[in-house]
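K.L.:
One structure, as structure tokens, below. Some questions next.
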Amino acid sequence: MTRVIITGAKGRMGQALISCAKNFRDLKIVAAIDRDDDLGAVISKTDVVIDFSSHDATPAITGLCVKNKKAIVIGTTGHSDAEKTAILKLKTKIPMVWASNFSTGVNTLFWLTRKAVEILGADFDLEIVEMHHRLKKDAPSGTAKSLAEILAAVRNQQLEKIARHGRVGIVGERTAAEIGIHSIRGGDVVGDHTVIFANIGERLELTHKASSRDTFANGALRAALWVVNQKPGLYDMQDVLGLK
């Protein structure tokens, strides 16, 4: 039986994790922690922490996992460069799965996106469109960032130099190198992502639409079961699903 602690338990993803965990026979939630609770007081009871708290809390939570030699699954997004650096410094200490999206479908989209840009080559213009609910705080989404990173990596580009976040005014013609990233917010949309490959005379679009947070929760719980049997290191959902 794999023992799990959830941080960010009162949030939308935290509640989905608690609900979906009932369907995993080999997994038991031993504590549900939120902002005002003391993780240190209960961490000895667990094998792995699933973190869906907030970007600014993740470094300290990861540090506590290292101190207690516990695995971690990180689902928070919107980390600053300093926060990312603090977390990555600990990747050799414990096994950690850090993914922008835990959906099996989205990770298939990651794989298909890489294959598509490899096959289509440099003649196609690349654009990403994502939509989420009105309460989402960060933009673009972590998934959209991951998609952009895949596109840039295949083309041997530095994303920060060629990313184009929306367009307004007289911006001039689109350059061949840029990757457009566009964020839409509204209603209760769980998460829609589309990668557009556009050329003269044809266009290919790869789209994933999530209608329930359960798809992310089930993936994170699957990652928790997987990561406790791994050596210290940094993994993502592609590793969990065997897509690498």
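Going by the structure tokens order, chains are called A, B, ..., each with residues numbered from 1, while ligands are numbered from 1 in the order shown.
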Residues at most 8 Å from His165 of chain A, counting only C-alpha atoms, excluding those fewer than 6 positions away in the same chain, as a PyMOL selection string?

P.N.:
chain A and resi 180-182

K.L.:
Once you have the residues from the selection above, write them out as a PDB file, in the first residue's frame, restricted to C-alpha atoms.

P.N.:
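File out30.pdb, as written:
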```
ATOM      1  CA  GLY A 180       2.873  32.308 -31.051  1.00  0.00           C
ATOM      2  CA  ILE A 181       1.349  31.611 -27.619  1.00  0.00           C
ATOM      3  CA  HIS A 182      -2.161  32.858 -26.860  1.00  0.00           C
TER       4      HIS A 182
END
```

K.L.:
List every residue of segment 85-105 of chain A that has an atom at most 10 Å from any atom of segment 126-143 of chain A, giving for each one its closest atom pair and the distance in Å to one decimal, counting only C-alpha atoms, sorted by chain and then by ascending residue number, as a Markdown table.

P.N.:
```
| residue | atom | partner | partner_atom | distance |
| --- | --- | --- | --- | --- |
| A:Ala99 | CA | A:Gly142 | CA | 8.6 |
| A:Ser100 | CA | A:Gly142 | CA | 4.9 |
| A:Asn101 | CA | A:Thr143 | CA | 5.9 |
| A:Phe102 | CA | A:Thr143 | CA | 9.6 |
```

K.L.:
Pick out the residues sitting within 10 Å of Asn218 of chain A, and hand them over as an MDAnalysis selection string; count only C-alpha atoms, and ignore anything fewer than 2 positions along from it in its own chain.

P.N.:
chainID A and resid 16:17 19:21 23:24 102:104 213:216 220:224

K.L.:
May I have the residues from that selection written out with N, CA and C atoms, as a PDB file, in the first residue's frame?

P.N.:
```
ATOM      1  N   ALA A  16     -10.245  16.923  -6.237  1.00  0.00           N
ATOM      2  CA  ALA A  16     -10.322  15.874  -7.269  1.00  0.00           C
ATOM      3  C   ALA A  16      -9.433  14.692  -6.906  1.00  0.00           C
ATOM      4  N   LEU A  17      -8.258  14.971  -6.360  1.00  0.00           N
ATOM      5  CA  LEU A  17      -7.350  13.906  -5.946  1.00  0.00           C
ATOM      6  C   LEU A  17      -7.976  13.039  -4.843  1.00  0.00           C
ATOM      7  N   SER A  19     -11.105  12.600  -4.206  1.00  0.00           N
ATOM      8  CA  SER A  19     -12.222  11.842  -4.772  1.00  0.00           C
ATOM      9  C   SER A  19     -11.745  10.651  -5.595  1.00  0.00           C
ATOM     10  N   CYS A  20     -10.763  10.885  -6.450  1.00  0.00           N
ATOM     11  CA  CYS A  20     -10.286   9.830  -7.362  1.00  0.00           C
ATOM     12  C   CYS A  20      -9.472   8.761  -6.648  1.00  0.00           C
ATOM     13  N   ALA A  21      -8.853   9.118  -5.526  1.00  0.00           N
ATOM     14  CA  ALA A  21      -8.015   8.151  -4.806  1.00  0.00           C
ATOM     15  C   ALA A  21      -8.800   6.934  -4.342  1.00  0.00           C
ATOM     16  N   ASN A  23     -10.564   5.123  -5.998  1.00  0.00           N
ATOM     17  CA  ASN A  23     -10.567   4.104  -7.045  1.00  0.00           C
ATOM     18  C   ASN A  23      -9.229   3.374  -7.181  1.00  0.00           C
ATOM     19  N   PHE A  24      -8.246   3.757  -6.363  1.00  0.00           N
ATOM     20  CA  PHE A  24      -6.912   3.145  -6.413  1.00  0.00           C
ATOM     21  C   PHE A  24      -6.753   2.223  -5.204  1.00  0.00           C
ATOM     22  N   PHE A 102      -0.781  16.187 -16.001  1.00  0.00           N
ATOM     23  CA  PHE A 102      -0.738  14.757 -15.688  1.00  0.00           C
ATOM     24  C   PHE A 102      -1.731  13.932 -16.510  1.00  0.00           C
ATOM     25  N   SER A 103      -2.432  14.572 -17.424  1.00  0.00           N
ATOM     26  CA  SER A 103      -3.385  13.870 -18.271  1.00  0.00           C
ATOM     27  C   SER A 103      -2.676  12.949 -19.250  1.00  0.00           C
ATOM     28  N   THR A 104      -3.178  11.715 -19.389  1.00  0.00           N
ATOM     29  CA  THR A 104      -2.629  10.796 -20.391  1.00  0.00           C
ATOM     30  C   THR A 104      -2.808  11.375 -21.790  1.00  0.00           C
ATOM     31  N   ARG A 213     -11.433  17.551 -14.117  1.00  0.00           N
ATOM     32  CA  ARG A 213     -10.127  17.521 -13.462  1.00  0.00           C
ATOM     33  C   ARG A 213      -9.729  16.111 -13.047  1.00  0.00           C
ATOM     34  N   ASP A 214     -10.672  15.192 -13.124  1.00  0.00           N
ATOM     35  CA  ASP A 214     -10.358  13.812 -12.750  1.00  0.00           C
ATOM     36  C   ASP A 214      -9.241  13.235 -13.621  1.00  0.00           C
ATOM     37  N   THR A 215      -9.178  13.661 -14.878  1.00  0.00           N
ATOM     38  CA  THR A 215      -8.125  13.135 -15.761  1.00  0.00           C
ATOM     39  C   THR A 215      -6.746  13.515 -15.254  1.00  0.00           C
ATOM     40  N   PHE A 216      -6.615  14.734 -14.691  1.00  0.00           N
ATOM     41  CA  PHE A 216      -5.335  15.166 -14.122  1.00  0.00           C
ATOM     42  C   PHE A 216      -5.075  14.457 -12.790  1.00  0.00           C
ATOM     43  N   ALA A 220      -1.908  12.044 -11.741  1.00  0.00           N
ATOM     44  CA  ALA A 220      -1.022  12.361 -10.611  1.00  0.00           C
ATOM     45  C   ALA A 220      -0.956  11.208  -9.620  1.00  0.00           C
ATOM     46  N   LEU A 221      -2.084  10.559  -9.385  1.00  0.00           N
ATOM     47  CA  LEU A 221      -2.104   9.398  -8.482  1.00  0.00           C
ATOM     48  C   LEU A 221      -1.321   8.235  -9.082  1.00  0.00           C
ATOM     49  N   ARG A 222      -1.443   8.069 -10.379  1.00  0.00           N
ATOM     50  CA  ARG A 222      -0.658   7.036 -11.082  1.00  0.00           C
ATOM     51  C   ARG A 222       0.831   7.347 -10.958  1.00  0.00           C
ATOM     52  N   ALA A 223       1.183   8.615 -11.061  1.00  0.00           N
ATOM     53  CA  ALA A 223       2.589   9.024 -10.918  1.00  0.00           C
ATOM     54  C   ALA A 223       3.101   8.754  -9.511  1.00  0.00           C
ATOM     55  N   ALA A 224       2.239   8.950  -8.515  1.00  0.00           N
ATOM     56  CA  ALA A 224       2.633   8.706  -7.121  1.00  0.00           C
ATOM     57  C   ALA A 224       2.957   7.233  -6.901  1.00  0.00           C
TER      58      ALA A 224
END
```

K.L.:
One decimal, Å: what's the distance from atom CA of His208 of chain A over to atom CA of Asn107 of chain A, could you say?

P.N.:
9.9 Å

K.L.:
At a cut-off of 6 Å, using only C-alpha atoms, what residues contact segment 69-83 of chain A? Leave out same-chain residues fewer than 4 positions from it and give the result as a list in words.

P.N.:
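Surrounding residues, per the criterion: Asp47, Val48, Val49, Ile50, Asp51, Phe52, Ser54, His55, Cys65, Ile94, Pro95, Met96, Val97, Trp98, Asp138 and Gly142 of chain A.
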
K.L.:
Quick one: DSSP helix (DSSP H, G or I) residues in segment 90-225 of chain A, as a PDB file with N, CA and C atoms, in the first residue's frame?

P.N.:
```
ATOM      1  N   THR A 104      -3.178  11.715 -19.389  1.00  0.00           N
ATOM      2  CA  THR A 104      -2.629  10.796 -20.391  1.00  0.00           C
ATOM      3  C   THR A 104      -2.808  11.375 -21.790  1.00  0.00           C
ATOM      4  N   GLY A 105      -3.971  11.989 -22.036  1.00  0.00           N
ATOM      5  CA  GLY A 105      -4.228  12.579 -23.345  1.00  0.00           C
ATOM      6  C   GLY A 105      -3.296  13.718 -23.672  1.00  0.00           C
ATOM      7  N   VAL A 106      -3.037  14.591 -22.702  1.00  0.00           N
ATOM      8  CA  VAL A 106      -2.137  15.715 -22.937  1.00  0.00           C
ATOM      9  C   VAL A 106      -0.715  15.225 -23.180  1.00  0.00           C
ATOM     10  N   ASN A 107      -0.298  14.211 -22.458  1.00  0.00           N
ATOM     11  CA  ASN A 107       1.053  13.695 -22.679  1.00  0.00           C
ATOM     12  C   ASN A 107       1.174  12.999 -24.032  1.00  0.00           C
ATOM     13  N   THR A 108       0.077  12.466 -24.520  1.00  0.00           N
ATOM     14  CA  THR A 108       0.053  11.971 -25.899  1.00  0.00           C
ATOM     15  C   THR A 108       0.159  13.145 -26.860  1.00  0.00           C
ATOM     16  N   LEU A 109      -0.494  14.267 -26.520  1.00  0.00           N
ATOM     17  CA  LEU A 109      -0.377  15.490 -27.329  1.00  0.00           C
ATOM     18  C   LEU A 109       1.072  15.969 -27.373  1.00  0.00           C
ATOM     19  N   PHE A 110       1.778  15.906 -26.257  1.00  0.00           N
ATOM     20  CA  PHE A 110       3.196  16.278 -26.244  1.00  0.00           C
ATOM     21  C   PHE A 110       3.973  15.426 -27.248  1.00  0.00           C
ATOM     22  N   TRP A 111       3.719  14.129 -27.206  1.00  0.00           N
ATOM     23  CA  TRP A 111       4.431  13.194 -28.091  1.00  0.00           C
ATOM     24  C   TRP A 111       4.094  13.476 -29.552  1.00  0.00           C
ATOM     25  N   LEU A 112       2.817  13.659 -29.847  1.00  0.00           N
ATOM     26  CA  LEU A 112       2.389  13.936 -31.214  1.00  0.00           C
ATOM     27  C   LEU A 112       2.928  15.267 -31.725  1.00  0.00           C
ATOM     28  N   THR A 113       2.995  16.264 -30.836  1.00  0.00           N
ATOM     29  CA  THR A 113       3.524  17.576 -31.220  1.00  0.00           C
ATOM     30  C   THR A 113       4.979  17.472 -31.647  1.00  0.00           C
ATOM     31  N   ARG A 114       5.755  16.720 -30.874  1.00  0.00           N
ATOM     32  CA  ARG A 114       7.162  16.529 -31.238  1.00  0.00           C
ATOM     33  C   ARG A 114       7.288  15.843 -32.602  1.00  0.00           C
ATOM     34  N   LYS A 115       6.501  14.789 -32.808  1.00  0.00           N
ATOM     35  CA  LYS A 115       6.568  14.065 -34.076  1.00  0.00           C
ATOM     36  C   LYS A 115       6.123  14.944 -35.242  1.00  0.00           C
ATOM     37  N   ALA A 116       5.072  15.738 -35.041  1.00  0.00           N
ATOM     38  CA  ALA A 116       4.549  16.576 -36.114  1.00  0.00           C
ATOM     39  C   ALA A 116       5.558  17.619 -36.560  1.00  0.00           C
ATOM     40  N   VAL A 117       6.210  18.281 -35.618  1.00  0.00           N
ATOM     41  CA  VAL A 117       7.167  19.323 -36.007  1.00  0.00           C
ATOM     42  C   VAL A 117       8.406  18.713 -36.657  1.00  0.00           C
ATOM     43  N   GLU A 118       8.753  17.488 -36.239  1.00  0.00           N
ATOM     44  CA  GLU A 118       9.866  16.795 -36.887  1.00  0.00           C
ATOM     45  C   GLU A 118       9.527  16.460 -38.338  1.00  0.00           C
ATOM     46  N   ILE A 119       8.298  16.003 -38.578  1.00  0.00           N
ATOM     47  CA  ILE A 119       7.895  15.589 -39.907  1.00  0.00           C
ATOM     48  C   ILE A 119       7.650  16.780 -40.830  1.00  0.00           C
ATOM     49  N   LEU A 120       6.979  17.820 -40.314  1.00  0.00           N
ATOM     50  CA  LEU A 120       6.566  18.943 -41.156  1.00  0.00           C
ATOM     51  C   LEU A 120       7.716  19.876 -41.517  1.00  0.00           C
ATOM     52  N   GLY A 121       8.716  19.956 -40.657  1.00  0.00           N
ATOM     53  CA  GLY A 121       9.874  20.781 -40.983  1.00  0.00           C
ATOM     54  C   GLY A 121       9.684  22.260 -40.714  1.00  0.00           C
ATOM     55  N   ALA A 122      10.563  23.056 -41.289  1.00  0.00           N
ATOM     56  CA  ALA A 122      10.650  24.480 -40.947  1.00  0.00           C
ATOM     57  C   ALA A 122       9.680  25.366 -41.718  1.00  0.00           C
ATOM     58  N   ASP A 123       8.951  24.831 -42.688  1.00  0.00           N
ATOM     59  CA  ASP A 123       8.082  25.659 -43.516  1.00  0.00           C
ATOM     60  C   ASP A 123       6.758  26.011 -42.843  1.00  0.00           C
ATOM     61  N   GLY A 142       0.907  26.074 -17.795  1.00  0.00           N
ATOM     62  CA  GLY A 142       2.115  25.250 -17.781  1.00  0.00           C
ATOM     63  C   GLY A 142       2.160  24.296 -18.952  1.00  0.00           C
ATOM     64  N   THR A 143       1.001  23.800 -19.362  1.00  0.00           N
ATOM     65  CA  THR A 143       0.930  22.887 -20.514  1.00  0.00           C
ATOM     66  C   THR A 143       1.317  23.609 -21.797  1.00  0.00           C
ATOM     67  N   ALA A 144       0.816  24.833 -21.973  1.00  0.00           N
ATOM     68  CA  ALA A 144       1.177  25.615 -23.158  1.00  0.00           C
ATOM     69  C   ALA A 144       2.681  25.893 -23.198  1.00  0.00           C
ATOM     70  N   LYS A 145       3.254  26.169 -22.043  1.00  0.00           N
ATOM     71  CA  LYS A 145       4.704  26.383 -21.978  1.00  0.00           C
ATOM     72  C   LYS A 145       5.447  25.116 -22.395  1.00  0.00           C
ATOM     73  N   SER A 146       4.969  23.961 -21.918  1.00  0.00           N
ATOM     74  CA  SER A 146       5.615  22.700 -22.282  1.00  0.00           C
ATOM     75  C   SER A 146       5.526  22.445 -23.781  1.00  0.00           C
ATOM     76  N   LEU A 147       4.379  22.728 -24.373  1.00  0.00           N
ATOM     77  CA  LEU A 147       4.218  22.563 -25.817  1.00  0.00           C
ATOM     78  C   LEU A 147       5.176  23.468 -26.575  1.00  0.00           C
ATOM     79  N   ALA A 148       5.296  24.723 -26.121  1.00  0.00           N
ATOM     80  CA  ALA A 148       6.206  25.669 -26.771  1.00  0.00           C
ATOM     81  C   ALA A 148       7.655  25.211 -26.636  1.00  0.00           C
ATOM     82  N   GLU A 149       8.000  24.672 -25.474  1.00  0.00           N
ATOM     83  CA  GLU A 149       9.363  24.180 -25.258  1.00  0.00           C
ATOM     84  C   GLU A 149       9.680  23.010 -26.185  1.00  0.00           C
ATOM     85  N   ILE A 150       8.693  22.151 -26.423  1.00  0.00           N
ATOM     86  CA  ILE A 150       8.880  21.030 -27.350  1.00  0.00           C
ATOM     87  C   ILE A 150       9.138  21.547 -28.757  1.00  0.00           C
ATOM     88  N   LEU A 151       8.316  22.488 -29.211  1.00  0.00           N
ATOM     89  CA  LEU A 151       8.475  23.048 -30.548  1.00  0.00           C
ATOM     90  C   LEU A 151       9.841  23.706 -30.717  1.00  0.00           C
ATOM     91  N   ALA A 152      10.224  24.502 -29.730  1.00  0.00           N
ATOM     92  CA  ALA A 152      11.507  25.202 -29.807  1.00  0.00           C
ATOM     93  C   ALA A 152      12.681  24.231 -29.774  1.00  0.00           C
ATOM     94  N   ALA A 153      12.582  23.190 -28.954  1.00  0.00           N
ATOM     95  CA  ALA A 153      13.675  22.228 -28.838  1.00  0.00           C
ATOM     96  C   ALA A 153      13.914  21.494 -30.140  1.00  0.00           C
ATOM     97  N   VAL A 154      12.834  21.074 -30.801  1.00  0.00           N
ATOM     98  CA  VAL A 154      12.984  20.345 -32.066  1.00  0.00           C
ATOM     99  C   VAL A 154      13.629  21.237 -33.121  1.00  0.00           C
ATOM    100  N   LEU A 159      13.526  29.404 -26.667  1.00  0.00           N
ATOM    101  CA  LEU A 159      12.130  29.822 -26.615  1.00  0.00           C
ATOM    102  C   LEU A 159      11.968  31.276 -26.187  1.00  0.00           C
ATOM    103  N   GLU A 160      12.764  31.702 -25.206  1.00  0.00           N
ATOM    104  CA  GLU A 160      12.590  33.059 -24.697  1.00  0.00           C
ATOM    105  C   GLU A 160      12.878  34.130 -25.755  1.00  0.00           C
ATOM    106  N   LYS A 161      13.604  33.756 -26.790  1.00  0.00           N
ATOM    107  CA  LYS A 161      13.941  34.716 -27.843  1.00  0.00           C
ATOM    108  C   LYS A 161      12.905  34.766 -28.960  1.00  0.00           C
ATOM    109  N   ILE A 162      12.124  33.698 -29.128  1.00  0.00           N
ATOM    110  CA  ILE A 162      11.222  33.645 -30.279  1.00  0.00           C
ATOM    111  C   ILE A 162       9.742  33.495 -29.891  1.00  0.00           C
ATOM    112  N   ASP A 214     -10.672  15.192 -13.124  1.00  0.00           N
ATOM    113  CA  ASP A 214     -10.358  13.812 -12.750  1.00  0.00           C
ATOM    114  C   ASP A 214      -9.241  13.235 -13.621  1.00  0.00           C
ATOM    115  N   THR A 215      -9.178  13.661 -14.878  1.00  0.00           N
ATOM    116  CA  THR A 215      -8.125  13.135 -15.761  1.00  0.00           C
ATOM    117  C   THR A 215      -6.746  13.515 -15.254  1.00  0.00           C
ATOM    118  N   PHE A 216      -6.615  14.734 -14.691  1.00  0.00           N
ATOM    119  CA  PHE A 216      -5.335  15.166 -14.122  1.00  0.00           C
ATOM    120  C   PHE A 216      -5.075  14.457 -12.790  1.00  0.00           C
ATOM    121  N   ALA A 217      -6.121  14.331 -11.989  1.00  0.00           N
ATOM    122  CA  ALA A 217      -5.981  13.682 -10.683  1.00  0.00           C
ATOM    123  C   ALA A 217      -5.563  12.223 -10.828  1.00  0.00           C
ATOM    124  N   ASN A 218      -6.212  11.513 -11.737  1.00  0.00           N
ATOM    125  CA  ASN A 218      -5.867  10.101 -11.950  1.00  0.00           C
ATOM    126  C   ASN A 218      -4.429   9.947 -12.410  1.00  0.00           C
ATOM    127  N   GLY A 219      -3.968  10.862 -13.263  1.00  0.00           N
ATOM    128  CA  GLY A 219      -2.588  10.816 -13.724  1.00  0.00           C
ATOM    129  C   GLY A 219      -1.602  11.075 -12.599  1.00  0.00           C
ATOM    130  N   ALA A 220      -1.908  12.044 -11.741  1.00  0.00           N
ATOM    131  CA  ALA A 220      -1.022  12.361 -10.611  1.00  0.00           C
ATOM    132  C   ALA A 220      -0.956  11.208  -9.620  1.00  0.00           C
ATOM    133  N   LEU A 221      -2.084  10.559  -9.385  1.00  0.00           N
ATOM    134  CA  LEU A 221      -2.104   9.398  -8.482  1.00  0.00           C
ATOM    135  C   LEU A 221      -1.321   8.235  -9.082  1.00  0.00           C
ATOM    136  N   ARG A 222      -1.443   8.069 -10.379  1.00  0.00           N
ATOM    137  CA  ARG A 222      -0.658   7.036 -11.082  1.00  0.00           C
ATOM    138  C   ARG A 222       0.831   7.347 -10.958  1.00  0.00           C
ATOM    139  N   ALA A 223       1.183   8.615 -11.061  1.00  0.00           N
ATOM    140  CA  ALA A 223       2.589   9.024 -10.918  1.00  0.00           C
ATOM    141  C   ALA A 223       3.101   8.754  -9.511  1.00  0.00           C
ATOM    142  N   ALA A 224       2.239   8.950  -8.515  1.00  0.00           N
ATOM    143  CA  ALA A 224       2.633   8.706  -7.121  1.00  0.00           C
ATOM    144  C   ALA A 224       2.957   7.233  -6.901  1.00  0.00           C
ATOM    145  N   LEU A 225       2.137   6.353  -7.456  1.00  0.00           N
ATOM    146  CA  LEU A 225       2.406   4.918  -7.336  1.00  0.00           C
ATOM    147  C   LEU A 225       3.710   4.538  -8.026  1.00  0.00           C
TER     148      LEU A 225
END
```

K.L.:
Rounded to one decimal, what separation in Å do you get between atom CA of Pro232 of chain A and atom CA of Leu90 of chain A?

P.N.:
9.4 Å

K.L.:
Excluding Ile5 of chain A and its own-chain neighbours fewer than 2 positions away, which residues fall within 9 Å of it when counting only C-alpha atoms? Please give them as a list in words.

P.N.:
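Result of the neighbour search: Arg3, Thr7, Lys28, Ile29, Val30, Ala31, Ala32, Ile33, Leu39, Val42, Ile43, Lys45, Thr46, Asp47, Val48, Val49, Ile50 and Asp51 of chain A.
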